[in-house]
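The next block holds one structure in the form of structure tokens; read it before the comments.
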Protein chains: 2
Amino acid sequence: MTTTSSPRVLEHPERDEIRLEDVLHALADAVRLRIVRDMAREDTELSCSYFDLPVTKSTTTHHFRVLRESGVVRQVYRGTAKLNALRRDDLDALFPGLLDTVLAAAESQAGRDGAAGGATA
Amino acid sequence: MTTTSSPRVLEHPERDEIRLEDVLHALADAVRLRIVRDMAREDTELSCSYFDLPVTKSTTTHHFRVLRESGVVRQVYRGTAKLNALRRDDLDALFPGLLDTVLAAAESQAGRDGAAGGATA
DNA sequence: GCCGTAGTACGGTGAGTATCGTACGAGTGT
DNA sequence: ACACTCGTACGATACTCACCGTACTACGGC
């Protein structure tokens with residue numbers, strides 16, 4: 001259909017509009033860090049509903065917007081779903097190694113957290 | 001001599017108490033990022049007053065506390081001054097490469113910002 | 001003892017944010 | 001047309017944060 005000016009277009013910062021402080025702030029949240037970890041692991045475009053997050057739908061929308069507006073993820077509509085992809089190329093070009101280092105740090109910490117309490121197996 | 005337990009002892013998180021989210025949050029601020037950049041460049045213990053920050057003393061105290069409580073810096077009193085040092089060893093052990101990558105990203109972005117505006121020369 | 005300097009503590013303000021619930025819009029299938 | 005699913009928008013709330021000013025403490029020198 002011709003819904004001329006559909007709100008189905010999402011605003012993204014250009015590569016050179018991405019700010020390090022915003023990226024770090026976006027990653028400095030447990031829920032968002034988890035989203036980013038999952039996306040990095042799958043390496044394909046994932047819908048928002050793919051993630052099983054401990055928050056409501058509204059809050060999920062909010063977190064994805066923070067990630068998008070900070071330049072960490074790119075979102076596109078595809079039917080009723082909204083697909084999310086990490087902006088690896090842009091981030092790597094701007095801040096070489098940052099994403100991988102943070103991801104590795106997150107994995108490492110998750111490992112420590114999981115191993116805590118005694119149930120290592 | 002009622003000052004038995006002087007408040008001259010500063011609380012620091014142990015190495016394994018440092019959380020990635022807190023570190024990222026501490027670094028996700030322009031003023032604090034600048035402090036950390038300066039500290040990394042000097043590589044010695046620096047007093048709070050060494051830094052020429054665009055905020056008041058109270059706010060400076062606040063930022064240093066955030067950095068200390070997140071585990072990014074270690075602070076010790078020495079006379080009237082409070083000396084600050086990056087916790088490089090702890091951060092590198094926990095999150096290998098993270099500090100250097102963020103620092104490099106900050107330098108890179110600072111270069112872009114400085115060169116912006118057209119007056120490249 | 002007195003004063004200056006370094007930094008803290010406290011109280012307040014305005015802005016941002018993480019969270020929710022409910023109501024709605026856009027697309028797909030029957 | 002209808003219903004269903006995915007996600008948005010809006011409003012509300014409670015919390016955090018960056019910032020300030022002022023009053024204060026701790027240390028060192030005169």
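Residues in the structure tokens are numbered from 1 in each chain, the chains being A, B, ... in the order shown, and ligands are numbered from 1 in the order shown.
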Distance cut-off 9 Å, counting only C-alpha atoms (C1' of nucleotides) - which residues of chain D neighbour chain A? Return them as a PDB file with all heavy atoms, in the first residue's frame.
ATOM      1  P    DT D   5      -1.913 -14.455  19.278  1.00  0.00           P
ATOM      2  OP1  DT D   5      -1.612 -15.801  19.767  1.00  0.00           O
ATOM      3  OP2  DT D   5      -2.491 -13.431  20.184  1.00  0.00           O
ATOM      4  O5'  DT D   5      -0.593 -13.840  18.636  1.00  0.00           O
ATOM      5  C5'  DT D   5      -0.177 -14.260  17.344  1.00  0.00           C
ATOM      6  C4'  DT D   5       0.906 -13.324  16.834  1.00  0.00           C
ATOM      7  O4'  DT D   5       0.305 -12.129  16.271  1.00  0.00           O
ATOM      8  C3'  DT D   5       1.856 -12.844  17.936  1.00  0.00           C
ATOM      9  O3'  DT D   5       3.187 -12.868  17.442  1.00  0.00           O
ATOM     10  C2'  DT D   5       1.390 -11.418  18.210  1.00  0.00           C
ATOM     11  C1'  DT D   5       0.922 -10.987  16.825  1.00  0.00           C
ATOM     12  N1   DT D   5      -0.082  -9.902  16.824  1.00  0.00           N
ATOM     13  C2   DT D   5       0.045  -8.892  15.902  1.00  0.00           C
ATOM     14  O2   DT D   5       0.934  -8.842  15.086  1.00  0.00           O
ATOM     15  N3   DT D   5      -0.929  -7.932  15.972  1.00  0.00           N
ATOM     16  C4   DT D   5      -1.992  -7.875  16.847  1.00  0.00           C
ATOM     17  O4   DT D   5      -2.803  -6.963  16.805  1.00  0.00           O
ATOM     18  C5   DT D   5      -2.054  -8.967  17.802  1.00  0.00           C
ATOM     19  C7   DT D   5      -3.151  -8.997  18.808  1.00  0.00           C
ATOM     20  C6   DT D   5      -1.107  -9.914  17.744  1.00  0.00           C
ATOM     21  P    DC D   6       4.430 -12.570  18.356  1.00  0.00           P
ATOM     22  OP1  DC D   6       5.475 -13.565  18.065  1.00  0.00           O
ATOM     23  OP2  DC D   6       3.929 -12.377  19.735  1.00  0.00           O
ATOM     24  O5'  DC D   6       4.936 -11.165  17.814  1.00  0.00           O
ATOM     25  C5'  DC D   6       5.391 -11.055  16.470  1.00  0.00           C
ATOM     26  C4'  DC D   6       5.741  -9.613  16.202  1.00  0.00           C
ATOM     27  O4'  DC D   6       4.529  -8.840  16.211  1.00  0.00           O
ATOM     28  C3'  DC D   6       6.657  -9.005  17.257  1.00  0.00           C
ATOM     29  O3'  DC D   6       7.758  -8.379  16.615  1.00  0.00           O
ATOM     30  C2'  DC D   6       5.765  -8.009  17.995  1.00  0.00           C
ATOM     31  C1'  DC D   6       4.710  -7.658  16.959  1.00  0.00           C
ATOM     32  N1   DC D   6       3.386  -7.267  17.527  1.00  0.00           N
ATOM     33  C2   DC D   6       2.729  -6.114  17.063  1.00  0.00           C
ATOM     34  O2   DC D   6       3.265  -5.430  16.191  1.00  0.00           O
ATOM     35  N3   DC D   6       1.535  -5.779  17.595  1.00  0.00           N
ATOM     36  C4   DC D   6       0.993  -6.551  18.537  1.00  0.00           C
ATOM     37  N4   DC D   6      -0.201  -6.175  19.022  1.00  0.00           N
ATOM     38  C5   DC D   6       1.637  -7.725  19.015  1.00  0.00           C
ATOM     39  C6   DC D   6       2.824  -8.045  18.495  1.00  0.00           C
ATOM     40  P    DG D   7       9.044  -7.916  17.422  1.00  0.00           P
ATOM     41  OP1  DG D   7      10.219  -7.878  16.556  1.00  0.00           O
ATOM     42  OP2  DG D   7       9.074  -8.670  18.693  1.00  0.00           O
ATOM     43  O5'  DG D   7       8.605  -6.414  17.724  1.00  0.00           O
ATOM     44  C5'  DG D   7       8.550  -5.499  16.643  1.00  0.00           C
ATOM     45  C4'  DG D   7       7.735  -4.312  17.034  1.00  0.00           C
ATOM     46  O4'  DG D   7       6.465  -4.730  17.563  1.00  0.00           O
ATOM     47  C3'  DG D   7       8.338  -3.431  18.122  1.00  0.00           C
ATOM     48  O3'  DG D   7       8.843  -2.232  17.541  1.00  0.00           O
ATOM     49  C2'  DG D   7       7.184  -3.175  19.082  1.00  0.00           C
ATOM     50  C1'  DG D   7       5.975  -3.653  18.300  1.00  0.00           C
ATOM     51  N9   DG D   7       4.880  -4.080  19.160  1.00  0.00           N
ATOM     52  C8   DG D   7       4.806  -5.206  19.932  1.00  0.00           C
ATOM     53  N7   DG D   7       3.677  -5.300  20.601  1.00  0.00           N
ATOM     54  C5   DG D   7       2.976  -4.153  20.244  1.00  0.00           C
ATOM     55  C6   DG D   7       1.695  -3.703  20.643  1.00  0.00           C
ATOM     56  O6   DG D   7       0.900  -4.243  21.424  1.00  0.00           O
ATOM     57  N1   DG D   7       1.375  -2.498  20.047  1.00  0.00           N
ATOM     58  C2   DG D   7       2.179  -1.804  19.165  1.00  0.00           C
ATOM     59  N2   DG D   7       1.703  -0.658  18.688  1.00  0.00           N
ATOM     60  N3   DG D   7       3.365  -2.222  18.772  1.00  0.00           N
ATOM     61  C4   DG D   7       3.704  -3.401  19.359  1.00  0.00           C
ATOM     62  P    DT D   8       9.207  -0.992  18.482  1.00  0.00           P
ATOM     63  OP1  DT D   8      10.202  -0.209  17.737  1.00  0.00           O
ATOM     64  OP2  DT D   8       9.497  -1.481  19.829  1.00  0.00           O
ATOM     65  O5'  DT D   8       7.857  -0.135  18.543  1.00  0.00           O
ATOM     66  C5'  DT D   8       7.265   0.242  17.309  1.00  0.00           C
ATOM     67  C4'  DT D   8       6.307   1.401  17.521  1.00  0.00           C
ATOM     68  O4'  DT D   8       5.148   0.938  18.245  1.00  0.00           O
ATOM     69  C3'  DT D   8       6.869   2.558  18.327  1.00  0.00           C
ATOM     70  O3'  DT D   8       6.399   3.768  17.740  1.00  0.00           O
ATOM     71  C2'  DT D   8       6.314   2.332  19.723  1.00  0.00           C
ATOM     72  C1'  DT D   8       4.968   1.698  19.421  1.00  0.00           C
ATOM     73  N1   DT D   8       4.490   0.750  20.460  1.00  0.00           N
ATOM     74  C2   DT D   8       3.274   0.959  21.040  1.00  0.00           C
ATOM     75  O2   DT D   8       2.555   1.894  20.758  1.00  0.00           O
ATOM     76  N3   DT D   8       2.913   0.028  21.973  1.00  0.00           N
ATOM     77  C4   DT D   8       3.634  -1.074  22.384  1.00  0.00           C
ATOM     78  O4   DT D   8       3.207  -1.848  23.227  1.00  0.00           O
ATOM     79  C5   DT D   8       4.911  -1.230  21.730  1.00  0.00           C
ATOM     80  C7   DT D   8       5.783  -2.384  22.086  1.00  0.00           C
ATOM     81  C6   DT D   8       5.273  -0.322  20.819  1.00  0.00           C
TER      82       DT D   8
END
Handout entry: DSSP alpha helix (DSSP H) residues within segment 6-121 of chain B, as a PyMOL selection string
Key = chain B and resi 20-27+30-42+57-69+88-94+98-115
Taking a cut-off of 6 Å and counting only C-alpha atoms, can you build a table that, for each residue of chain A near chain B, reports the nearest atom pair and how far apart they are in Å (one decimal), sorted by chain then residue number, as a tab-separated table?
residue	atom	partner	partner_atom	distance
A:Glu21	CA	B:Ala28	CA	4.5
A:Leu24	CA	B:Ala28	CA	5.1
A:His25	CA	B:Ala28	CA	5.1
A:Ala28	CA	B:Glu21	CA	4.5
A:Asp29	CA	B:Glu21	CA	5.9
A:Phe95	CA	B:Ala105	CA	4.9
A:Leu98	CA	B:Thr101	CA	5.6
A:Thr101	CA	B:Leu98	CA	5.6
A:Ala105	CA	B:Phe95	CA	4.9
Only N, CA, C and O atoms, please: the residues just picked out, written as a short mmCIF file (atom, residue, chain, number, x, y, z; two decimals), in the first residue's frame.
data_model
loop_
_atom_site.label_atom_id
_atom_site.label_comp_id
_atom_site.auth_asym_id
_atom_site.auth_seq_id
_atom_site.Cartn_x
_atom_site.Cartn_y
_atom_site.Cartn_z
N GLU A 21 30.92 8.11 24.20
CA GLU A 21 30.20 8.15 25.47
C GLU A 21 28.83 7.49 25.35
O GLU A 21 28.40 6.77 26.26
N LEU A 24 29.27 3.67 25.14
CA LEU A 24 29.59 3.11 26.45
C LEU A 24 28.37 3.14 27.36
O LEU A 24 28.10 2.18 28.08
N HIS A 25 27.63 4.22 27.30
CA HIS A 25 26.43 4.31 28.12
C HIS A 25 25.43 3.23 27.71
O HIS A 25 24.79 2.62 28.56
N ALA A 28 26.49 0.03 29.15
CA ALA A 28 26.62 0.01 30.60
C ALA A 28 25.30 -0.35 31.28
O ALA A 28 24.95 0.21 32.31
N ASP A 29 24.60 -1.28 30.71
CA ASP A 29 23.32 -1.72 31.28
C ASP A 29 23.22 -3.22 31.08
O ASP A 29 23.49 -3.73 29.98
N PHE A 95 35.94 2.64 16.45
CA PHE A 95 36.61 2.28 17.69
C PHE A 95 37.16 0.86 17.57
O PHE A 95 36.57 -0.08 18.08
N LEU A 98 36.91 -2.26 20.10
CA LEU A 98 36.09 -1.95 21.28
C LEU A 98 35.00 -2.99 21.50
O LEU A 98 34.86 -3.55 22.59
N THR A 101 36.32 -6.39 22.56
CA THR A 101 36.87 -6.37 23.91
C THR A 101 35.77 -6.35 24.96
O THR A 101 35.82 -7.08 25.94
N ALA A 105 34.89 -9.22 27.60
CA ALA A 105 34.81 -8.89 29.02
C ALA A 105 33.47 -9.35 29.58
O ALA A 105 33.40 -9.89 30.69
#
Cut-off 12 Å: closest chain C/chain A atom pairs per residue, using only C-alpha atoms (C1' of nucleotides), as CSV:
residue,atom,partner,partner_atom,distance
C:DT17,C1',A:His62,CA,9.9
C:DA18,C1',A:Thr59,CA,7.5
C:DT19,C1',A:Thr59,CA,6.7
C:DC20,C1',A:Thr56,CA,7.7
C:DG21,C1',A:Ser58,CA,9.1
C:DT22,C1',A:Ser58,CA,10.7
C:DG25,C1',A:Pro7,CA,10.0
C:DA26,C1',A:Thr80,CA,6.8
C:DG27,C1',A:Thr80,CA,5.1
C:DT28,C1',A:Thr80,CA,7.9
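A least-squares superposition of chain B onto chain A that uses all C-alpha atoms in sequence order produces an RMSD of 1.2 Å.
Using only C-alpha atoms (C1' of nucleotides), the smallest distance between any of C:DT5, C:DT13, C:DA23, C:DG29 and DA26 of chain D comes from C:DT5.
Residue-level DSSP output for segment 17-107 of chain A, from the backbone, shows strand (DSSP E) at A:Leu46, A:Ser47, A:Val73, A:Arg74, A:Gln75, A:Val76, A:Tyr77, A:Arg78, A:Ala81, A:Lys82, A:Leu83, A:Asn84, A:Ala85, A:Leu86.
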Practice task
Please identify all polymer residues within 7 Å of Glu69 of chain B, counting only C-alpha atoms (C1' of nucleotides), omitting same-chain residues fewer than 2 positions from it, and present them as a list in words.
Solution key: His12, Pro13, Arg65, Val66, Leu67 and Gly71 of chain B
Write out, as a PDB file, in the first residue's frame, the residues just selected, with N, CA, C and O atoms.
ATOM      1  N   HIS B  12      37.504   0.861  48.459  1.00  0.00           N
ATOM      2  CA  HIS B  12      37.706   0.432  47.075  1.00  0.00           C
ATOM      3  C   HIS B  12      37.109  -0.951  46.896  1.00  0.00           C
ATOM      4  O   HIS B  12      37.204  -1.771  47.802  1.00  0.00           O
ATOM      5  N   PRO B  13      36.540  -1.221  45.747  1.00  0.00           N
ATOM      6  CA  PRO B  13      36.098  -2.593  45.488  1.00  0.00           C
ATOM      7  C   PRO B  13      37.313  -3.489  45.264  1.00  0.00           C
ATOM      8  O   PRO B  13      38.326  -3.046  44.710  1.00  0.00           O
ATOM      9  N   ARG B  65      34.853   9.934  42.907  1.00  0.00           N
ATOM     10  CA  ARG B  65      34.245   8.871  43.691  1.00  0.00           C
ATOM     11  C   ARG B  65      33.634   7.806  42.778  1.00  0.00           C
ATOM     12  O   ARG B  65      33.759   6.604  43.036  1.00  0.00           O
ATOM     13  N   VAL B  66      32.976   8.253  41.719  1.00  0.00           N
ATOM     14  CA  VAL B  66      32.400   7.285  40.781  1.00  0.00           C
ATOM     15  C   VAL B  66      33.507   6.399  40.213  1.00  0.00           C
ATOM     16  O   VAL B  66      33.373   5.177  40.140  1.00  0.00           O
ATOM     17  N   LEU B  67      34.613   7.033  39.854  1.00  0.00           N
ATOM     18  CA  LEU B  67      35.725   6.273  39.295  1.00  0.00           C
ATOM     19  C   LEU B  67      36.292   5.291  40.321  1.00  0.00           C
ATOM     20  O   LEU B  67      36.630   4.151  39.980  1.00  0.00           O
ATOM     21  N   GLY B  71      35.921   0.984  40.524  1.00  0.00           N
ATOM     22  CA  GLY B  71      37.155   0.206  40.432  1.00  0.00           C
ATOM     23  C   GLY B  71      38.112   0.683  39.357  1.00  0.00           C
ATOM     24  O   GLY B  71      39.089  -0.002  39.057  1.00  0.00           O
TER      25      GLY B  71
END
Problem - From B:Val9, B:Met39, B:Ala115, B:Val31, residue lying nearest Leu86 of chain B [only C-alpha atoms] - result: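 The closest residue to Leu86 of chain B is B:Met39.
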Handout entry: Among listed residues A:Asp113, A:Phe64, A:Asp92, A:Ala85, nearest Glu42 of chain A (using only C-alpha atoms)
Key =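 Residue with the minimum atom-to-atom distance to Glu42 of chain A: A:Ala85.
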